[in-house]
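Q: mmCIF, C-alpha atoms, pLDDT in the B column; chains and numbers go by the auth columns, saved as coords-v8.cif, coming up:
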```cif
data_input
loop_
_atom_site.group_PDB
_atom_site.id
_atom_site.type_symbol
_atom_site.label_atom_id
_atom_site.label_comp_id
_atom_site.label_asym_id
_atom_site.label_seq_id
_atom_site.Cartn_x
_atom_site.Cartn_y
_atom_site.Cartn_z
_atom_site.B_iso_or_equiv
_atom_site.auth_seq_id
_atom_site.auth_asym_id
ATOM 1 C CA MET A 1 -16.757 17.200 63.402 38.00 1 A
ATOM 2 C CA VAL A 2 -20.362 16.627 62.332 38.00 2 A
ATOM 3 C CA GLU A 3 -22.608 14.529 64.551 41.00 3 A
ATOM 4 C CA MET A 4 -25.056 12.303 62.734 38.00 4 A
ATOM 5 C CA SER A 5 -28.043 10.489 64.130 37.00 5 A
ATOM 6 C CA VAL A 6 -29.338 7.351 62.481 39.00 6 A
ATOM 7 C CA ALA A 7 -33.077 6.707 62.656 41.00 7 A
ATOM 8 C CA MET A 8 -34.083 3.091 63.047 42.00 8 A
ATOM 9 C CA VAL A 9 -36.239 2.024 60.097 46.00 9 A
ATOM 10 C CA GLU A 10 -38.695 -0.665 61.105 60.00 10 A
ATOM 11 C CA GLU A 11 -39.336 -3.428 58.589 81.00 11 A
ATOM 12 C CA TYR A 12 -42.928 -4.562 58.109 89.00 12 A
ATOM 13 C CA ILE A 13 -44.056 -7.897 56.713 91.00 13 A
ATOM 14 C CA THR A 14 -47.509 -8.291 55.175 92.00 14 A
ATOM 15 C CA VAL A 15 -49.569 -11.115 56.708 93.00 15 A
ATOM 16 C CA GLY A 16 -53.045 -10.335 55.367 95.00 16 A
ATOM 17 C CA LYS A 17 -55.116 -8.240 52.979 97.00 17 A
ATOM 18 C CA ILE A 18 -58.499 -6.740 53.878 97.00 18 A
ATOM 19 C CA LEU A 19 -60.896 -7.665 51.077 97.00 19 A
ATOM 20 C CA LYS A 20 -64.161 -6.142 52.275 96.00 20 A
ATOM 21 C CA ASN A 21 -66.443 -5.601 55.219 95.00 21 A
ATOM 22 C CA GLN A 22 -68.144 -8.559 56.870 95.00 22 A
ATOM 23 C CA GLY A 23 -71.638 -7.650 58.019 90.00 23 A
ATOM 24 C CA ASN A 24 -72.578 -4.172 59.206 90.00 24 A
ATOM 25 C CA LYS A 25 -70.975 -4.009 62.671 92.00 25 A
ATOM 26 C CA GLY A 26 -67.439 -3.167 61.565 93.00 26 A
ATOM 27 C CA ALA A 27 -65.891 -6.601 60.963 96.00 27 A
ATOM 28 C CA VAL A 28 -63.687 -7.207 57.912 97.00 28 A
ATOM 29 C CA ARG A 29 -62.886 -10.220 55.734 97.00 29 A
ATOM 30 C CA VAL A 30 -59.143 -10.833 55.449 97.00 30 A
ATOM 31 C CA LEU A 31 -57.242 -12.979 52.969 96.00 31 A
ATOM 32 C CA PRO A 32 -54.359 -14.459 54.998 94.00 32 A
ATOM 33 C CA LEU A 33 -50.961 -13.972 53.320 91.00 33 A
ATOM 34 C CA THR A 34 -49.174 -16.208 55.794 88.00 34 A
ATOM 35 C CA ASP A 35 -48.590 -19.916 56.298 85.00 35 A
ATOM 36 C CA TYR A 36 -49.894 -19.410 59.843 87.00 36 A
ATOM 37 C CA PRO A 37 -53.460 -18.027 59.588 90.00 37 A
ATOM 38 C CA GLU A 38 -54.145 -19.179 63.143 89.00 38 A
ATOM 39 C CA ARG A 39 -51.807 -16.371 64.249 90.00 39 A
ATOM 40 C CA PHE A 40 -54.715 -13.912 64.067 91.00 40 A
ATOM 41 C CA GLU A 41 -56.649 -15.779 66.758 89.00 41 A
ATOM 42 C CA ASN A 42 -53.749 -15.205 69.174 88.00 42 A
ATOM 43 C CA MET A 43 -53.004 -11.570 68.309 92.00 43 A
ATOM 44 C CA SER A 44 -54.343 -8.671 70.366 94.00 44 A
ATOM 45 C CA ARG A 45 -53.233 -5.880 67.978 94.00 45 A
ATOM 46 C CA VAL A 46 -52.083 -5.457 64.413 95.00 46 A
ATOM 47 C CA ARG A 47 -50.969 -2.603 62.206 95.00 47 A
ATOM 48 C CA VAL A 48 -53.169 -1.815 59.218 96.00 48 A
ATOM 49 C CA SER A 49 -51.534 -0.110 56.254 94.00 49 A
ATOM 50 C CA VAL A 50 -54.105 1.530 53.982 93.00 50 A
ATOM 51 C CA LYS A 51 -53.839 4.378 51.462 88.00 51 A
ATOM 52 C CA GLY A 52 -50.321 5.350 52.500 87.00 52 A
ATOM 53 C CA SER A 53 -50.957 5.500 56.245 90.00 53 A
ATOM 54 C CA ARG A 54 -50.465 2.914 58.959 93.00 54 A
ATOM 55 C CA ARG A 55 -52.358 2.623 62.212 94.00 55 A
ATOM 56 C CA GLU A 56 -52.430 0.122 65.029 95.00 56 A
ATOM 57 C CA LEU A 57 -55.773 -1.503 65.768 97.00 57 A
ATOM 58 C CA ASN A 58 -56.852 -3.768 68.629 96.00 58 A
ATOM 59 C CA ILE A 59 -58.351 -7.117 67.666 96.00 59 A
ATOM 60 C CA GLU A 60 -61.614 -7.751 69.491 96.00 60 A
ATOM 61 C CA GLN A 61 -62.355 -11.062 67.755 95.00 61 A
ATOM 62 C CA ALA A 62 -60.770 -13.138 64.970 95.00 62 A
ATOM 63 C CA TYR A 63 -61.894 -16.454 63.548 95.00 63 A
ATOM 64 C CA LEU A 64 -61.367 -18.630 60.489 93.00 64 A
ATOM 65 C CA GLN A 65 -64.205 -18.819 57.949 93.00 65 A
ATOM 66 C CA LYS A 66 -63.391 -21.094 55.000 92.00 66 A
ATOM 67 C CA LYS A 67 -60.125 -19.705 53.570 93.00 67 A
ATOM 68 C CA PHE A 68 -60.602 -16.250 55.112 96.00 68 A
ATOM 69 C CA ILE A 69 -60.141 -14.688 58.536 96.00 69 A
ATOM 70 C CA ILE A 70 -62.940 -12.537 59.928 97.00 70 A
ATOM 71 C CA ILE A 71 -61.582 -9.812 62.209 97.00 71 A
ATOM 72 C CA LYS A 72 -63.491 -7.357 64.372 97.00 72 A
ATOM 73 C CA PHE A 73 -61.365 -4.418 65.531 97.00 73 A
ATOM 74 C CA LYS A 74 -62.355 -2.565 68.724 96.00 74 A
ATOM 75 C CA GLU A 75 -61.872 0.822 67.011 96.00 75 A
ATOM 76 C CA VAL A 76 -64.025 -0.056 63.971 96.00 76 A
ATOM 77 C CA THR A 77 -67.672 0.029 64.997 94.00 77 A
ATOM 78 C CA ASN A 78 -69.723 0.318 61.809 95.00 78 A
ATOM 79 C CA LEU A 79 -69.968 -0.566 58.130 94.00 79 A
ATOM 80 C CA LYS A 80 -68.594 2.786 56.897 94.00 80 A
ATOM 81 C CA GLU A 81 -65.437 2.524 59.021 95.00 81 A
ATOM 82 C CA ALA A 82 -64.903 -1.098 57.888 95.00 82 A
ATOM 83 C CA GLU A 83 -65.273 -0.111 54.217 95.00 83 A
ATOM 84 C CA GLU A 84 -62.515 2.499 54.672 95.00 84 A
ATOM 85 C CA LEU A 85 -60.115 -0.370 55.459 97.00 85 A
ATOM 86 C CA LYS A 86 -60.869 -2.227 52.194 96.00 86 A
ATOM 87 C CA GLY A 87 -57.659 -2.915 50.257 96.00 87 A
ATOM 88 C CA GLY A 88 -55.531 -2.392 53.361 96.00 88 A
ATOM 89 C CA PHE A 89 -52.790 -4.757 54.465 96.00 89 A
ATOM 90 C CA LEU A 90 -52.189 -6.247 57.896 96.00 90 A
ATOM 91 C CA VAL A 91 -48.502 -5.920 58.729 94.00 91 A
ATOM 92 C CA VAL A 92 -46.255 -7.102 61.539 93.00 92 A
ATOM 93 C CA THR A 93 -42.655 -6.458 62.513 91.00 93 A
ATOM 94 C CA ARG A 94 -39.960 -9.109 62.174 87.00 94 A
ATOM 95 C CA GLU A 95 -40.113 -9.642 65.950 89.00 95 A
ATOM 96 C CA GLU A 96 -43.812 -10.530 65.653 89.00 96 A
ATOM 97 C CA LEU A 97 -43.279 -13.285 63.092 87.00 97 A
ATOM 98 C CA VAL A 98 -44.048 -16.882 64.017 85.00 98 A
ATOM 99 C CA PRO A 99 -40.708 -18.490 64.930 86.00 99 A
ATOM 100 C CA LEU A 100 -39.574 -21.102 62.411 85.00 100 A
ATOM 101 C CA SER A 101 -37.878 -24.393 63.146 86.00 101 A
ATOM 102 C CA GLU A 102 -34.126 -24.717 62.684 85.00 102 A
ATOM 103 C CA GLY A 103 -33.200 -24.792 58.994 83.00 103 A
ATOM 104 C CA SER A 104 -36.455 -23.154 57.843 86.00 104 A
ATOM 105 C CA PHE A 105 -36.587 -19.684 56.327 90.00 105 A
ATOM 106 C CA TYR A 106 -39.179 -17.147 55.281 89.00 106 A
ATOM 107 C CA ILE A 107 -39.497 -16.750 51.505 88.00 107 A
ATOM 108 C CA PHE A 108 -38.952 -12.989 51.710 89.00 108 A
ATOM 109 C CA ASP A 109 -35.567 -13.693 53.343 92.00 109 A
ATOM 110 C CA ILE A 110 -34.549 -16.111 50.559 94.00 110 A
ATOM 111 C CA VAL A 111 -35.463 -13.850 47.613 94.00 111 A
ATOM 112 C CA GLY A 112 -32.476 -11.689 46.730 96.00 112 A
ATOM 113 C CA LEU A 113 -29.784 -14.074 47.986 96.00 113 A
ATOM 114 C CA LYS A 114 -26.735 -14.478 45.737 97.00 114 A
ATOM 115 C CA VAL A 115 -26.263 -18.138 44.799 97.00 115 A
ATOM 116 C CA TYR A 116 -22.788 -19.696 44.538 96.00 116 A
ATOM 117 C CA ASP A 117 -21.635 -23.177 43.664 94.00 117 A
ATOM 118 C CA ARG A 118 -19.306 -25.004 46.069 92.00 118 A
ATOM 119 C CA GLY A 119 -16.292 -23.714 44.147 93.00 119 A
ATOM 120 C CA GLY A 120 -17.306 -20.108 44.845 94.00 120 A
ATOM 121 C CA LYS A 121 -18.601 -19.309 41.335 94.00 121 A
ATOM 122 C CA LEU A 122 -21.536 -16.877 41.336 95.00 122 A
ATOM 123 C CA LEU A 123 -24.513 -18.531 39.614 95.00 123 A
ATOM 124 C CA GLY A 124 -26.997 -15.674 40.010 96.00 124 A
ATOM 125 C CA GLU A 125 -29.597 -14.234 42.378 97.00 125 A
ATOM 126 C CA ILE A 126 -32.823 -15.773 43.661 97.00 126 A
ATOM 127 C CA LYS A 127 -35.724 -13.846 42.122 96.00 127 A
ATOM 128 C CA GLU A 128 -38.617 -16.118 43.096 94.00 128 A
ATOM 129 C CA VAL A 129 -39.516 -19.142 45.200 92.00 129 A
ATOM 130 C CA MET A 130 -41.994 -21.545 43.605 92.00 130 A
ATOM 131 C CA GLN A 131 -43.981 -23.622 46.067 87.00 131 A
ATOM 132 C CA THR A 132 -44.592 -26.942 44.332 84.00 132 A
ATOM 133 C CA GLY A 133 -45.937 -29.041 47.192 80.00 133 A
ATOM 134 C CA ALA A 134 -43.136 -31.603 47.430 83.00 134 A
ATOM 135 C CA ASN A 135 -40.384 -29.006 47.912 89.00 135 A
ATOM 136 C CA ASP A 136 -39.832 -25.364 47.052 91.00 136 A
ATOM 137 C CA VAL A 137 -37.863 -24.460 43.929 93.00 137 A
ATOM 138 C CA TYR A 138 -35.594 -21.410 43.810 95.00 138 A
ATOM 139 C CA VAL A 139 -35.657 -19.464 40.537 96.00 139 A
ATOM 140 C CA VAL A 140 -32.173 -18.033 40.038 96.00 140 A
ATOM 141 C CA ALA A 141 -31.736 -15.173 37.567 95.00 141 A
ATOM 142 C CA THR A 142 -28.450 -15.599 35.693 92.00 142 A
ATOM 143 C CA GLY A 143 -28.580 -12.893 33.045 89.00 143 A
ATOM 144 C CA GLY A 144 -29.621 -15.624 30.609 91.00 144 A
ATOM 145 C CA LYS A 145 -31.849 -18.620 31.087 93.00 145 A
ATOM 146 C CA PRO A 146 -32.864 -18.917 34.769 94.00 146 A
ATOM 147 C CA ILE A 147 -31.680 -21.876 36.815 93.00 147 A
ATOM 148 C CA LEU A 148 -34.248 -23.820 38.837 93.00 148 A
ATOM 149 C CA ILE A 149 -32.756 -25.148 42.066 94.00 149 A
ATOM 150 C CA PRO A 150 -34.715 -27.596 44.242 93.00 150 A
ATOM 151 C CA ALA A 151 -34.770 -26.565 47.914 92.00 151 A
ATOM 152 C CA LEU A 152 -33.386 -29.862 49.178 92.00 152 A
ATOM 153 C CA LYS A 153 -30.719 -30.373 51.857 91.00 153 A
ATOM 154 C CA GLN A 154 -28.508 -32.357 49.490 92.00 154 A
ATOM 155 C CA VAL A 155 -28.566 -29.418 47.029 94.00 155 A
ATOM 156 C CA VAL A 156 -28.649 -26.346 49.292 94.00 156 A
ATOM 157 C CA ARG A 157 -25.512 -26.678 51.397 95.00 157 A
ATOM 158 C CA GLU A 158 -25.457 -23.307 53.156 94.00 158 A
ATOM 159 C CA ILE A 159 -27.775 -20.342 53.664 95.00 159 A
ATOM 160 C CA ASP A 160 -26.193 -17.213 55.134 94.00 160 A
ATOM 161 C CA LEU A 161 -28.935 -14.600 55.593 92.00 161 A
ATOM 162 C CA GLN A 162 -26.529 -12.071 57.141 92.00 162 A
ATOM 163 C CA GLY A 163 -24.129 -12.413 54.206 95.00 163 A
ATOM 164 C CA ARG A 164 -27.064 -12.583 51.747 96.00 164 A
ATOM 165 C CA ARG A 165 -25.681 -15.742 50.102 96.00 165 A
ATOM 166 C CA MET A 166 -26.508 -19.379 49.425 97.00 166 A
ATOM 167 C CA VAL A 167 -24.108 -22.182 48.473 97.00 167 A
ATOM 168 C CA VAL A 168 -25.431 -25.061 46.398 96.00 168 A
ATOM 169 C CA ALA A 169 -24.173 -28.413 45.131 94.00 169 A
ATOM 170 C CA MET A 170 -25.833 -28.598 41.720 83.00 170 A
ATOM 171 C CA PRO A 171 -27.468 -31.940 40.954 74.00 171 A
ATOM 172 C CA GLU A 172 -26.326 -33.910 37.896 72.00 172 A
ATOM 173 C CA GLY A 173 -28.016 -32.482 34.825 65.00 173 A
ATOM 174 C CA LEU A 174 -28.230 -28.934 36.203 59.00 174 A
ATOM 175 C CA ALA A 175 -24.528 -28.453 36.819 48.00 175 A
ATOM 176 C CA GLU A 176 -23.723 -27.606 33.198 44.00 176 A
ATOM 177 C CA LEU A 177 -26.347 -24.838 32.912 42.00 177 A
#
```
Spit out the file's structure as structure tokens when you get a sec.

A:
Amino acid sequence: MVEMSVAMVEEYITVGKILKNQGNKGAVRVLPLTDYPERFENMSRVRVSVKGSRRELNIEQAYLQKKFIIIKFKEVTNLKEAEELKGGFLVVTREELVPLSEGSFYIFDIVGLKVYDRGGKLLGEIKEVMQTGANDVYVVATGGKPILIPALKQVVREIDLQGRRMVVAMPEGLAEL
């Protein structure tokens, strides 16, 4: 009998991209890649993934400036060290995500779901989520022309993240596609 050990692989979600330094004291300008940019003001640490390596840094100060977040890390004390972080990504674990309200889902959880109609017929797989303002639209790859499905409660009847599937009731006019 062979004993096997399974290593736990931690999943990281990108919440920001470091664009450049901000001033000469080690602060960086971050483009938030999250719907919750205020999260940075409440965080004490974050992982920075840059050039194939990941390290945890302590946030000394974070504040919103126009559409960017300015972050000063305790470990980054000068311009040179800040420039080394340029192009890096701020990542968090799933446990560190902002909790969503019931019936709301993260886009990265929706992409890749298999989509079925109420009769159980496979329609395709979600390849993209378009954010239109009024409601999101799921782009479903079918092997032919993609189907655009509005993310509305009357259309999306079930989302099963564990089973990686979605059940939809196609609106009139889309049902024959």

Q: Just so the selection is clear, what residues does the PyMOL selection byres ((chain A and resi 71-73) around 6) cover here, as a PyMOL selection string?

A: chain A and resi 27-28+58-62+70+74-76

Q: For the point (-33.5, -31.2, 54.7) in file coordinates, what residues are within 12 Å, counting all atoms listed in the file? Give the answer as a list in words?

A: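 Result, sorted by chain then residue number: Ser101, Glu102, Gly103, Ser104, Asn135, Asp136, Pro150, Ala151, Leu152, Lys153, Gln154, Val155, Val156, Arg157 and Glu158 of chain A.
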
Q: Quick one: distance from atom CA of Phe40 of chain A to atom CA of Lys80 of chain A in Å, one decimal?

A: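 Going from atom CA of Phe40 of chain A over to atom CA of Lys80 of chain A, I get 22.9 Å.
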
Q: If we count all atoms listed in the file, what is near segment 14-18 of chain A at a cut-off of 7 Å, once residues fewer than 6 positions away on the same chain are taken out, given as a PyMOL selection string?

A: chain A and resi 28-34+85-92

Q: Using all atoms listed in the file, which residue out of A:Gly23, A:Gly143, A:Pro171, A:Gly163 lies closest to Ala82 of chain A?

A: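 Comparing A:Gly23, A:Gly143, A:Pro171, A:Gly163 against Ala82 of chain A, the winner is A:Gly23.
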
Q: Could you tell me how far atom CA of Phe105 of chain A lies from atom CA of Glu38 of chain A, in Å and to one decimal?

A: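 These atoms are spaced 18.8 Å apart.
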
Q: Under the rule that all atoms listed in the file are counted, which of A:Pro99, A:Leu57, A:Asn78, A:Thr93 is the nearest residue to Tyr36 of chain A?

A: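 Looking at the shortest contact to Tyr36 of chain A, the residue is A:Pro99.
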
Q: Need to verify the contact set: Lys127 of chain A, 7 Å, all atoms listed in the file, exclusion of same-chain residues closer than 5 positions in sequence. Can you return it as a PyMOL selection string?

A: chain A and resi 111-112+139-141

Q: In terms of the shortest atom-to-atom distance over all atoms listed in the file, which of A:Val129, A:Val168, A:Leu148, A:Leu64 is closest to Tyr106 of chain A?

A: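 Ranking A:Val129, A:Val168, A:Leu148, A:Leu64 by distance to Tyr106 of chain A, first place goes to A:Val129.
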
Q: When you draw a straight line from atom CA of Leu123 of chain A to atom CA of Arg94 of chain A, how long is it in Å?

A: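 Between these atoms lies a distance of 28.9 Å.
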
Q: Pick from A:Arg164, A:Glu95, A:Asn42, A:Phe108: nearest to Glu125 of chain A, with all atoms listed in the file counted?

A: A:Arg164

Q: Closest to Ile147 of chain A among A:Glu41, A:Glu84, A:Glu128, A:Asp160, using all atoms listed in the file?

A: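 Answer, going by the shortest atom-to-atom distance: A:Glu128.
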
Q: Go ahead and fit an axis-aligned box to every listed atom of segment 119-122 of chain A plus 6 Å each side, and pass me the centre and edge lengths in Å, one decimal, as lines of an AutoDock Vina configuration file.

A:
```
center_x = -18.9
center_y = -20.3
center_z = 43.1
size_x = 17.2
size_y = 18.8
size_z = 15.5
```

Q: Give the answer as one residue: which of A:Gly133, A:Leu122, A:Lys66, A:Leu113 has the shortest atom-to-atom distance to Gln162 of chain A, using all atoms listed in the file?

A: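 Smallest separation from Gln162 of chain A among the options: A:Leu113.
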
Q: N, CA and C atoms are needed for segment 51-82 of chain A; please write them out as a short mmCIF file (atom, residue, chain, number, x, y, z; two decimals), in the coordinates of the input.

A:
```
data_model
loop_
_atom_site.label_atom_id
_atom_site.label_comp_id
_atom_site.auth_asym_id
_atom_site.auth_seq_id
_atom_site.Cartn_x
_atom_site.Cartn_y
_atom_site.Cartn_z
N LYS A 51 -53.93 3.08 52.15
CA LYS A 51 -53.84 4.38 51.46
C LYS A 51 -52.68 5.23 51.97
N GLY A 52 -51.52 4.61 52.12
CA GLY A 52 -50.32 5.35 52.50
C GLY A 52 -50.16 5.65 53.98
N SER A 53 -51.12 5.27 54.81
CA SER A 53 -50.96 5.50 56.24
C SER A 53 -51.04 4.16 56.97
N ARG A 54 -50.48 4.14 58.18
CA ARG A 54 -50.46 2.91 58.96
C ARG A 54 -50.97 3.25 60.35
N ARG A 55 -51.87 2.43 60.85
CA ARG A 55 -52.36 2.62 62.21
C ARG A 55 -52.48 1.29 62.92
N GLU A 56 -52.34 1.34 64.23
CA GLU A 56 -52.43 0.12 65.03
C GLU A 56 -53.86 -0.02 65.53
N LEU A 57 -54.41 -1.23 65.34
CA LEU A 57 -55.77 -1.50 65.77
C LEU A 57 -55.77 -2.70 66.71
N ASN A 58 -56.70 -2.68 67.66
CA ASN A 58 -56.85 -3.77 68.63
C ASN A 58 -57.86 -4.78 68.10
N ILE A 59 -57.49 -6.04 68.15
CA ILE A 59 -58.35 -7.12 67.67
C ILE A 59 -59.30 -7.52 68.79
N GLU A 60 -60.58 -7.36 68.53
CA GLU A 60 -61.61 -7.75 69.49
C GLU A 60 -61.95 -9.23 69.32
N GLN A 61 -62.02 -9.67 68.06
CA GLN A 61 -62.36 -11.06 67.76
C GLN A 61 -61.76 -11.41 66.39
N ALA A 62 -61.28 -12.64 66.26
CA ALA A 62 -60.77 -13.14 64.97
C ALA A 62 -61.08 -14.62 64.88
N TYR A 63 -61.60 -15.03 63.73
CA TYR A 63 -61.89 -16.45 63.55
C TYR A 63 -61.79 -16.82 62.07
N LEU A 64 -61.51 -18.09 61.84
CA LEU A 64 -61.37 -18.63 60.49
C LEU A 64 -62.74 -18.93 59.91
N GLN A 65 -62.97 -18.50 58.66
CA GLN A 65 -64.20 -18.82 57.95
C GLN A 65 -63.81 -19.22 56.53
N LYS A 66 -63.88 -20.52 56.25
CA LYS A 66 -63.39 -21.09 55.00
C LYS A 66 -61.92 -20.71 54.85
N LYS A 67 -61.54 -20.06 53.75
CA LYS A 67 -60.12 -19.70 53.57
C LYS A 67 -59.83 -18.27 54.01
N PHE A 68 -60.77 -17.64 54.68
CA PHE A 68 -60.60 -16.25 55.11
C PHE A 68 -60.55 -16.16 56.63
N ILE A 69 -60.11 -15.00 57.12
CA ILE A 69 -60.14 -14.69 58.54
C ILE A 69 -61.12 -13.52 58.69
N ILE A 70 -62.03 -13.63 59.62
CA ILE A 70 -62.94 -12.54 59.93
C ILE A 70 -62.39 -11.86 61.18
N ILE A 71 -62.15 -10.55 61.08
CA ILE A 71 -61.58 -9.81 62.21
C ILE A 71 -62.50 -8.64 62.56
N LYS A 72 -62.76 -8.51 63.85
CA LYS A 72 -63.49 -7.36 64.37
C LYS A 72 -62.50 -6.56 65.21
N PHE A 73 -62.25 -5.31 64.79
CA PHE A 73 -61.36 -4.42 65.53
C PHE A 73 -62.19 -3.60 66.52
N LYS A 74 -61.65 -3.35 67.71
CA LYS A 74 -62.36 -2.56 68.72
C LYS A 74 -62.66 -1.15 68.22
N GLU A 75 -61.73 -0.57 67.46
CA GLU A 75 -61.87 0.82 67.01
C GLU A 75 -62.82 0.99 65.82
N VAL A 76 -63.17 -0.11 65.16
CA VAL A 76 -64.03 -0.06 63.97
C VAL A 76 -65.41 -0.55 64.38
N THR A 77 -66.38 0.37 64.40
CA THR A 77 -67.67 0.03 65.00
C THR A 77 -68.84 -0.03 64.02
N ASN A 78 -68.60 0.34 62.75
CA ASN A 78 -69.72 0.32 61.81
C ASN A 78 -69.25 -0.01 60.39
N LEU A 79 -70.21 -0.20 59.52
CA LEU A 79 -69.97 -0.57 58.13
C LEU A 79 -69.08 0.45 57.42
N LYS A 80 -69.36 1.72 57.58
CA LYS A 80 -68.59 2.79 56.90
C LYS A 80 -67.11 2.73 57.27
N GLU A 81 -66.83 2.60 58.57
CA GLU A 81 -65.44 2.52 59.02
C GLU A 81 -64.74 1.27 58.48
N ALA A 82 -65.47 0.15 58.42
CA ALA A 82 -64.90 -1.10 57.89
C ALA A 82 -64.60 -0.96 56.40
#
```
